[in-house]
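Report on one structure; see the data block that follows.
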Protein chains: 4
Amino acid sequence: MTEITETMTGWLAPEELESVRGRMPILYVDAVPVRVDDAGVVTRVGLLLRIAQDGGVSRALVSGRVLYHERIRDALLRHLEKDLGPVALPSLPASPVPFTVAEYFPTPGVTPFHDPRQHAVSLAYIVPVRGDCRPRQDALDLEWFTPDEAASPMVQQEMTSGQGVLLKQALAFVGRLP
Amino acid sequence: MTEITETMTGWLAPEELESVRGRMPILYVDAVPVRVDDAGVVTRVGLLLRIAQDGGVSRALVSGRVLYHERIRDALLRHLEKDLGPVALPSLPASPVPFTVAEYFPTPGVTPFHDPRQHAVSLAYIVPVRGDCRPRQDALDLEWFTPDEAASPMVQQEMTSGQGVLLKQALAFVGRLP
Amino acid sequence: MTEITETMTGWLAPEELESVRGRMPILYVDAVPVRVDDAGVVTRVGLLLRIAQDGGVSRALVSGRVLYHERIRDALLRHLEKDLGPVALPSLPASPVPFTVAEYFPTPGVTPFHDPRQHAVSLAYIVPVRGDCRPRQDALDLEWFTPDEAASPMVQQEMTSGQGVLLKQALAFVGRLP
Amino acid sequence: MTEITETMTGWLAPEELESVRGRMPILYVDAVPVRVDDAGVVTRVGLLLRIAQDGGVSRALVSGRVLYHERIRDALLRHLEKDLGPVALPSLPASPVPFTVAEYFPTPGVTPFHDPRQHAVSLAYIVPVRGDCRPRQDALDLEWFTPDEAASPMVQQEMTSGQGVLLKQALAFVGRLP
């Protein structure tokens, strides 16, 4: 998952967040950016290219924390703009129901999702984007994959924290899991 | 529900459809056209104004039959274009999962949904539309309501066949049921 | 929402929880206990009778916080057992997807849900229970209502924090909203 | 998909059904029988062992047609009892919302689902069963698989008509896709 950088603008100082992280679940959102055709069929899935903490390259979903007094959909918008730039034109879901809830545990194996820093619970959404995506901040690039490519072992092994599973769940939800 | 008019372009002659109607469930789609704000919140719901078979005025969702060898999303597109015109710019759902399944029975009271002509099973979807809506065919007008208005007794009593309940289910799904 | 009492067994001392509450969203679960018939149709909805903080009587869903390193389904089980007793025999959902996400804001009007103490984000689930329910702790009683009764103004006005809306969303999801 | 045998008790004579099959989509249900633990986690998936039309052995979900004037949940009950016997004790879903809609086309490649005999649209549900399963009729056996086994190439290649994909979608929905 994305390193949390929004704390400077949040209500918790970084050292306070560190203190809380070992004490209670932290609410996150995950967004799967997709391109759809005129009939709504998902034709491409967008993955961020990041430098992982170990220096390796990894592919990631748009992901981040929900702040105090922030609606889930505003958190989605903020993280999408942060990662895809200001002209991506995302279509946010009309319903608050996520396609899945990913429980990232600090202990591996409790669920398919793992985050050594914290217990994060993430509401995951499919987000069609119509505009031009220009990755910013710590993302090097955004690359579009076909559903078959996204589910392939090559892409799956470049994803960490269980986000490869989350991506396959997204493909299953939109009927595009091969 | 909409009087079926697509049979001329389908694979069943009208008299054949009549014959089948009393024998097996007929697959339908219902679409709830909505306007959303930048954050995806539903701000308006579109309802068609129709002349009912008894001569009275009624409000209705976009609704119609799925044809042989037609994908559900193509049936949605076809009925949306038929009822809202060619420049409504609907955003079809990426997922095939409906927000509910409405079972219209010829016998009243089995479910909240009733269709004296047939047993119709309808997959119901929320469809954001961004363009200009120009009702055609048997619809006199399309009127946009706030979620509060759409759930009000005044609008609810103008809806037939149980579509008022279906509309409230749609509002509940998008978190806008008052 | 239920007054939080599980902090004694959690990882946060009560004063620490108070400190965090004004700083970040707190993860909750809401459960709607239901009785179903052999075909799965919801026939009754269970509501807890509580004494509200102002001394008045109110009806409430099963609700509570998710603790650090606790799975959502374990939080559901814990709160169901706390409120319905040890022999309620709840059937937990196989999927982690909630029927809705209720965002309780400390500021009224941002969403239909309100909690003056905190910003709570609650994943809401329908939970069929087959056993004998014996309310414990601060609940005086558990009463079963038909879907029509649960959606009636009389019951709705006895619910606080927006849980009446949440209950109607649950009824809509199971196809029993009148 | 299961060879339709219920026509004798339905409203269509077999020759009439054949006539309709090439003319309009036929409504089906698919059920994925599962065993769950006390917390609702899916631990096993049940697959029927069948003799396919080409004489080969295949594994299949519980599947069948919805009859005229039959509720979806009654069709599910009927097919579950037909395939798993009378004491399987299935827990039918409280909500009519399927985890996916599988569109079986007579033409391969339109969707992942294929049925050379007809255009079938199937609402697919997860169904926990608590009792004893005794396959009947044309099923030779019911075998329980772990989620990992169910998603494995060995089991997947024994499934036909795209039901392997449907099974993986079910596993994704319950958070058990490896």
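So you can find residues: chains in the structure tokens are A, B, ... in the order shown, residues in each start at 1, and ligands are numbered from 1 in order.
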- Task: Using DSSP on the backbone, list every residue of range 40-74 of chain B that comes out as strand (DSSP E), and give them as a PyMOL selection string.
- Result: chain B and resi 42-51+57-60+62-65
Writing out the chosen residues with all heavy atoms as a CSV table (one decimal), in the first residue's frame:
chain,number,residue,atom,x,y,z
B,42,VAL,N,-25.6,11.1,-6.0
B,42,VAL,CA,-26.8,11.2,-6.9
B,42,VAL,C,-27.5,12.5,-6.4
B,42,VAL,O,-28.0,12.6,-5.3
B,42,VAL,CB,-27.7,10.0,-6.8
B,42,VAL,CG1,-29.0,10.2,-7.4
B,42,VAL,CG2,-27.0,8.8,-7.4
B,43,THR,N,-27.7,13.4,-7.4
B,43,THR,CA,-28.4,14.6,-7.0
B,43,THR,C,-29.8,14.6,-7.6
B,43,THR,O,-30.7,15.3,-7.1
B,43,THR,CB,-27.7,15.8,-7.6
B,43,THR,OG1,-27.5,15.6,-9.0
B,43,THR,CG2,-26.3,16.0,-6.9
B,44,ARG,N,-30.1,13.9,-8.7
B,44,ARG,CA,-31.4,13.9,-9.4
B,44,ARG,C,-31.6,12.5,-9.9
B,44,ARG,O,-30.7,11.8,-10.3
B,44,ARG,CB,-31.4,14.9,-10.5
B,44,ARG,CG,-31.4,16.3,-10.2
B,44,ARG,CD,-32.8,16.8,-9.6
B,44,ARG,NE,-32.9,18.2,-9.4
B,44,ARG,CZ,-32.2,18.9,-8.4
B,44,ARG,NH1,-31.4,18.3,-7.6
B,44,ARG,NH2,-32.4,20.2,-8.3
B,45,VAL,N,-32.9,12.1,-10.0
B,45,VAL,CA,-33.4,10.9,-10.6
B,45,VAL,C,-34.3,11.2,-11.7
B,45,VAL,O,-35.2,12.1,-11.5
B,45,VAL,CB,-34.1,10.0,-9.5
B,45,VAL,CG1,-34.7,8.8,-10.1
B,45,VAL,CG2,-33.2,9.7,-8.4
B,46,GLY,N,-34.1,10.6,-12.8
B,46,GLY,CA,-35.0,10.9,-14.0
B,46,GLY,C,-36.1,9.9,-14.1
B,46,GLY,O,-35.9,8.7,-14.1
B,47,LEU,N,-37.4,10.4,-14.3
B,47,LEU,CA,-38.5,9.6,-14.5
B,47,LEU,C,-39.2,10.0,-15.7
B,47,LEU,O,-39.4,11.1,-16.0
B,47,LEU,CB,-39.5,9.7,-13.3
B,47,LEU,CG,-38.9,9.2,-11.9
B,47,LEU,CD1,-39.9,9.4,-10.8
B,47,LEU,CD2,-38.6,7.7,-12.0
B,48,LEU,N,-39.7,8.9,-16.5
B,48,LEU,CA,-40.4,9.2,-17.7
B,48,LEU,C,-41.9,9.4,-17.3
B,48,LEU,O,-42.4,8.8,-16.4
B,48,LEU,CB,-40.3,7.9,-18.6
B,48,LEU,CG,-38.9,7.6,-19.1
B,48,LEU,CD1,-38.9,6.2,-19.7
B,48,LEU,CD2,-38.4,8.6,-20.1
B,49,LEU,N,-42.5,10.3,-18.1
B,49,LEU,CA,-43.9,10.6,-17.9
B,49,LEU,C,-44.6,9.8,-19.0
B,49,LEU,O,-44.3,10.0,-20.2
B,49,LEU,CB,-44.2,12.1,-18.0
B,49,LEU,CG,-45.6,12.6,-17.7
B,49,LEU,CD1,-45.9,12.3,-16.3
B,49,LEU,CD2,-45.7,14.1,-18.0
B,50,ARG,N,-45.5,8.9,-18.7
B,50,ARG,CA,-46.2,8.1,-19.7
B,50,ARG,C,-47.7,8.2,-19.5
B,50,ARG,O,-48.2,8.5,-18.5
B,50,ARG,CB,-45.8,6.6,-19.5
B,50,ARG,CG,-44.4,6.3,-19.8
B,50,ARG,CD,-44.2,4.8,-19.8
B,50,ARG,NE,-42.8,4.5,-20.0
B,50,ARG,CZ,-42.1,4.5,-21.1
B,50,ARG,NH1,-42.7,4.9,-22.3
B,50,ARG,NH2,-40.8,4.2,-21.2
B,51,ILE,N,-48.4,7.8,-20.6
B,51,ILE,CA,-49.8,7.6,-20.5
B,51,ILE,C,-50.1,6.2,-20.3
B,51,ILE,O,-49.7,5.3,-21.1
B,51,ILE,CB,-50.5,8.1,-21.9
B,51,ILE,CG1,-50.2,9.5,-22.2
B,51,ILE,CG2,-52.0,7.8,-21.8
B,51,ILE,CD1,-50.7,10.5,-21.2
B,57,VAL,N,-52.0,9.3,-16.2
B,57,VAL,CA,-50.6,9.6,-16.3
B,57,VAL,C,-49.8,8.9,-15.3
B,57,VAL,O,-50.2,8.7,-14.1
B,57,VAL,CB,-50.4,11.2,-16.1
B,57,VAL,CG1,-49.0,11.5,-15.8
B,57,VAL,CG2,-51.0,11.9,-17.3
B,58,SER,N,-48.7,8.3,-15.7
B,58,SER,CA,-47.8,7.7,-14.7
B,58,SER,C,-46.4,8.0,-15.0
B,58,SER,O,-46.0,8.4,-16.1
B,58,SER,CB,-48.1,6.1,-14.8
B,58,SER,OG,-47.5,5.6,-16.0
B,59,ARG,N,-45.6,7.8,-14.0
B,59,ARG,CA,-44.1,8.0,-14.1
B,59,ARG,C,-43.5,6.6,-14.1
B,59,ARG,O,-43.9,5.7,-13.4
B,59,ARG,CB,-43.6,8.8,-12.9
B,59,ARG,CG,-44.3,10.1,-12.8
B,59,ARG,CD,-43.5,11.2,-12.2
B,59,ARG,NE,-44.2,12.4,-12.1
B,59,ARG,CZ,-44.2,13.4,-13.0
B,59,ARG,NH1,-43.4,13.3,-14.0
B,59,ARG,NH2,-44.9,14.5,-12.8
B,60,ALA,N,-42.4,6.5,-14.9
B,60,ALA,CA,-41.8,5.1,-15.0
B,60,ALA,C,-40.3,5.2,-15.2
B,60,ALA,O,-39.8,6.2,-15.6
B,60,ALA,CB,-42.4,4.5,-16.3
B,62,VAL,N,-36.8,3.6,-17.0
B,62,VAL,CA,-36.5,3.0,-18.3
B,62,VAL,C,-36.5,1.5,-18.2
B,62,VAL,O,-35.8,0.9,-17.3
B,62,VAL,CB,-35.1,3.5,-18.8
B,62,VAL,CG1,-34.7,2.8,-20.1
B,62,VAL,CG2,-35.1,5.0,-19.0
B,63,SER,N,-37.2,0.8,-19.0
B,63,SER,CA,-37.5,-0.6,-18.8
B,63,SER,C,-37.7,-1.3,-20.1
B,63,SER,O,-38.3,-0.7,-21.0
B,63,SER,CB,-38.7,-0.7,-17.9
B,63,SER,OG,-39.0,-2.1,-17.6
B,64,GLY,N,-37.3,-2.5,-20.3
B,64,GLY,CA,-37.6,-3.3,-21.5
B,64,GLY,C,-37.0,-4.6,-21.5
B,64,GLY,O,-36.2,-5.0,-20.6
B,65,ARG,N,-37.4,-5.4,-22.5
B,65,ARG,CA,-37.0,-6.8,-22.6
B,65,ARG,C,-35.6,-6.9,-23.1
B,65,ARG,O,-35.1,-6.1,-23.8
B,65,ARG,CB,-38.0,-7.4,-23.6
B,65,ARG,CG,-38.0,-8.9,-23.6
B,65,ARG,CD,-39.3,-9.4,-24.1
B,65,ARG,NE,-39.5,-9.2,-25.5
B,65,ARG,CZ,-39.0,-10.1,-26.5
B,65,ARG,NH1,-38.3,-11.1,-26.1
B,65,ARG,NH2,-39.1,-9.8,-27.8
- Item | Residue list for chain D near chain C as a ChimeraX atom specification, 10 Å, only C-alpha atoms | /D:34-43,71-77,89-97,99,126-128,170-176
- Message: Just to confirm, what's the straight-line distance from CA of Pro147 in chain A to CA of Met159 in chain D in Å (one decimal)?
- Response: 21.4 Å
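Using only C-alpha atoms, the protein and nucleic acid residues lying no more than 10 Å from Arg21 in chain D, apart from those fewer than 6 places from it along its own chain, are Tyr68 of chain B; Glu15, Arg117, Gln118, His119 and Ala120 of chain D.
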Only N, CA and C atoms, please: the residues just picked out, written as a short mmCIF file (atom, residue, chain, number, x, y, z; two decimals), in the first residue's frame.
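Heads up, here's the output in result-v7.cif:
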data_model
loop_
_atom_site.label_atom_id
_atom_site.label_comp_id
_atom_site.auth_asym_id
_atom_site.auth_seq_id
_atom_site.Cartn_x
_atom_site.Cartn_y
_atom_site.Cartn_z
N TYR B 68 -33.04 -12.09 -27.70
CA TYR B 68 -32.19 -13.25 -27.95
C TYR B 68 -30.83 -12.79 -28.48
N GLU D 15 -41.00 -29.94 -26.69
CA GLU D 15 -40.83 -29.43 -28.05
C GLU D 15 -41.09 -27.92 -28.12
N ARG D 117 -26.77 -24.85 -26.70
CA ARG D 117 -28.19 -25.09 -26.91
C ARG D 117 -29.04 -23.84 -26.89
N GLN D 118 -28.53 -22.77 -26.25
CA GLN D 118 -29.44 -21.66 -25.96
C GLN D 118 -28.68 -20.43 -25.48
N HIS D 119 -29.40 -19.33 -25.38
CA HIS D 119 -28.94 -18.12 -24.73
C HIS D 119 -29.57 -18.11 -23.34
N ALA D 120 -28.75 -18.43 -22.33
CA ALA D 120 -29.25 -18.50 -20.96
C ALA D 120 -28.62 -17.39 -20.14
#
- Message: Given only C-alpha atoms as the basis, pick out the residue of C:Ile26, C:Ala13, C:Ala88, C:Leu167 nearest to Tyr104 in chain C.
- Response: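 Looking only at the distances to Tyr104 in chain C, the closest residue turns out to be C:Ile26.
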- Please, what distance in Å, to one decimal, runs between CA of Gly164 in chain C and CA of Val129 in chain C?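 Pair CA of Gly164 in chain C / CA of Val129 in chain C returns 20.4 Å.
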- Message: Taking 2 positions as the minimum chain separation for residues in the same chain, which residues sit within 7 Å of Leu27 in chain C when counting only C-alpha atoms? Answer as a PyMOL selection string.
- Response: (chain A and resi 25+27) or (chain C and resi 25+65-66+120-122)
Deliver the residues from the most recent selection as a file, using all heavy atoms, as a PDB file, in the first residue's frame.
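Result went into result_39.pdb, see below:
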ATOM      1  N   PRO A  25      -7.560  -0.250  14.013  1.00  0.00           N
ATOM      2  CA  PRO A  25      -7.555  -0.360  12.552  1.00  0.00           C
ATOM      3  C   PRO A  25      -7.661   1.021  11.911  1.00  0.00           C
ATOM      4  O   PRO A  25      -8.396   1.880  12.389  1.00  0.00           O
ATOM      5  CB  PRO A  25      -8.777  -1.218  12.240  1.00  0.00           C
ATOM      6  CG  PRO A  25      -9.617  -1.219  13.463  1.00  0.00           C
ATOM      7  CD  PRO A  25      -8.743  -0.891  14.618  1.00  0.00           C
ATOM      8  N   LEU A  27      -8.614   3.267   8.587  1.00  0.00           N
ATOM      9  CA  LEU A  27      -9.507   3.165   7.434  1.00  0.00           C
ATOM     10  C   LEU A  27      -8.838   3.661   6.156  1.00  0.00           C
ATOM     11  O   LEU A  27      -8.336   4.785   6.098  1.00  0.00           O
ATOM     12  CB  LEU A  27     -10.782   3.973   7.696  1.00  0.00           C
ATOM     13  CG  LEU A  27     -11.866   3.856   6.621  1.00  0.00           C
ATOM     14  CD1 LEU A  27     -12.421   2.444   6.546  1.00  0.00           C
ATOM     15  CD2 LEU A  27     -12.986   4.855   6.884  1.00  0.00           C
TER      16      LEU A  27
ATOM     17  N   PRO C  25     -11.101   8.748  11.516  1.00  0.00           N
ATOM     18  CA  PRO C  25     -12.331   7.960  11.488  1.00  0.00           C
ATOM     19  C   PRO C  25     -12.136   6.637  12.230  1.00  0.00           C
ATOM     20  O   PRO C  25     -11.077   6.014  12.135  1.00  0.00           O
ATOM     21  CB  PRO C  25     -12.587   7.720  10.000  1.00  0.00           C
ATOM     22  CG  PRO C  25     -11.316   8.041   9.294  1.00  0.00           C
ATOM     23  CD  PRO C  25     -10.519   8.939  10.168  1.00  0.00           C
ATOM     24  N   ARG C  65     -17.433  -1.121  17.708  1.00  0.00           N
ATOM     25  CA  ARG C  65     -16.149  -0.817  17.113  1.00  0.00           C
ATOM     26  C   ARG C  65     -15.414  -2.091  16.682  1.00  0.00           C
ATOM     27  O   ARG C  65     -15.617  -3.155  17.259  1.00  0.00           O
ATOM     28  CB  ARG C  65     -15.309  -0.074  18.168  1.00  0.00           C
ATOM     29  CG  ARG C  65     -14.123   0.665  17.637  1.00  0.00           C
ATOM     30  CD  ARG C  65     -13.723   1.784  18.579  1.00  0.00           C
ATOM     31  NE  ARG C  65     -13.186   1.303  19.844  1.00  0.00           N
ATOM     32  CZ  ARG C  65     -11.910   0.927  20.019  1.00  0.00           C
ATOM     33  NH1 ARG C  65     -11.051   0.957  19.009  1.00  0.00           N
ATOM     34  NH2 ARG C  65     -11.495   0.523  21.191  1.00  0.00           N
ATOM     35  N   VAL C  66     -14.564  -1.989  15.678  1.00  0.00           N
ATOM     36  CA  VAL C  66     -13.649  -3.056  15.294  1.00  0.00           C
ATOM     37  C   VAL C  66     -12.322  -2.780  15.997  1.00  0.00           C
ATOM     38  O   VAL C  66     -11.804  -1.664  15.931  1.00  0.00           O
ATOM     39  CB  VAL C  66     -13.435  -3.099  13.764  1.00  0.00           C
ATOM     40  CG1 VAL C  66     -12.483  -4.235  13.382  1.00  0.00           C
ATOM     41  CG2 VAL C  66     -14.766  -3.240  13.037  1.00  0.00           C
ATOM     42  N   ALA C 120     -17.401   8.050  12.720  1.00  0.00           N
ATOM     43  CA  ALA C 120     -17.361   6.590  12.654  1.00  0.00           C
ATOM     44  C   ALA C 120     -17.786   6.143  11.263  1.00  0.00           C
ATOM     45  O   ALA C 120     -18.735   6.676  10.692  1.00  0.00           O
ATOM     46  CB  ALA C 120     -18.289   5.991  13.703  1.00  0.00           C
ATOM     47  N   VAL C 121     -17.068   5.174  10.707  1.00  0.00           N
ATOM     48  CA  VAL C 121     -17.442   4.601   9.415  1.00  0.00           C
ATOM     49  C   VAL C 121     -17.801   3.147   9.665  1.00  0.00           C
ATOM     50  O   VAL C 121     -16.969   2.365  10.148  1.00  0.00           O
ATOM     51  CB  VAL C 121     -16.295   4.721   8.397  1.00  0.00           C
ATOM     52  CG1 VAL C 121     -16.642   3.991   7.108  1.00  0.00           C
ATOM     53  CG2 VAL C 121     -16.008   6.190   8.116  1.00  0.00           C
ATOM     54  N   SER C 122     -19.047   2.817   9.345  1.00  0.00           N
ATOM     55  CA  SER C 122     -19.558   1.511   9.741  1.00  0.00           C
ATOM     56  C   SER C 122     -19.932   0.665   8.534  1.00  0.00           C
ATOM     57  O   SER C 122     -20.655   1.104   7.644  1.00  0.00           O
ATOM     58  CB  SER C 122     -20.792   1.697  10.636  1.00  0.00           C
ATOM     59  OG  SER C 122     -21.229   0.442  11.090  1.00  0.00           O
TER      60      SER C 122
END
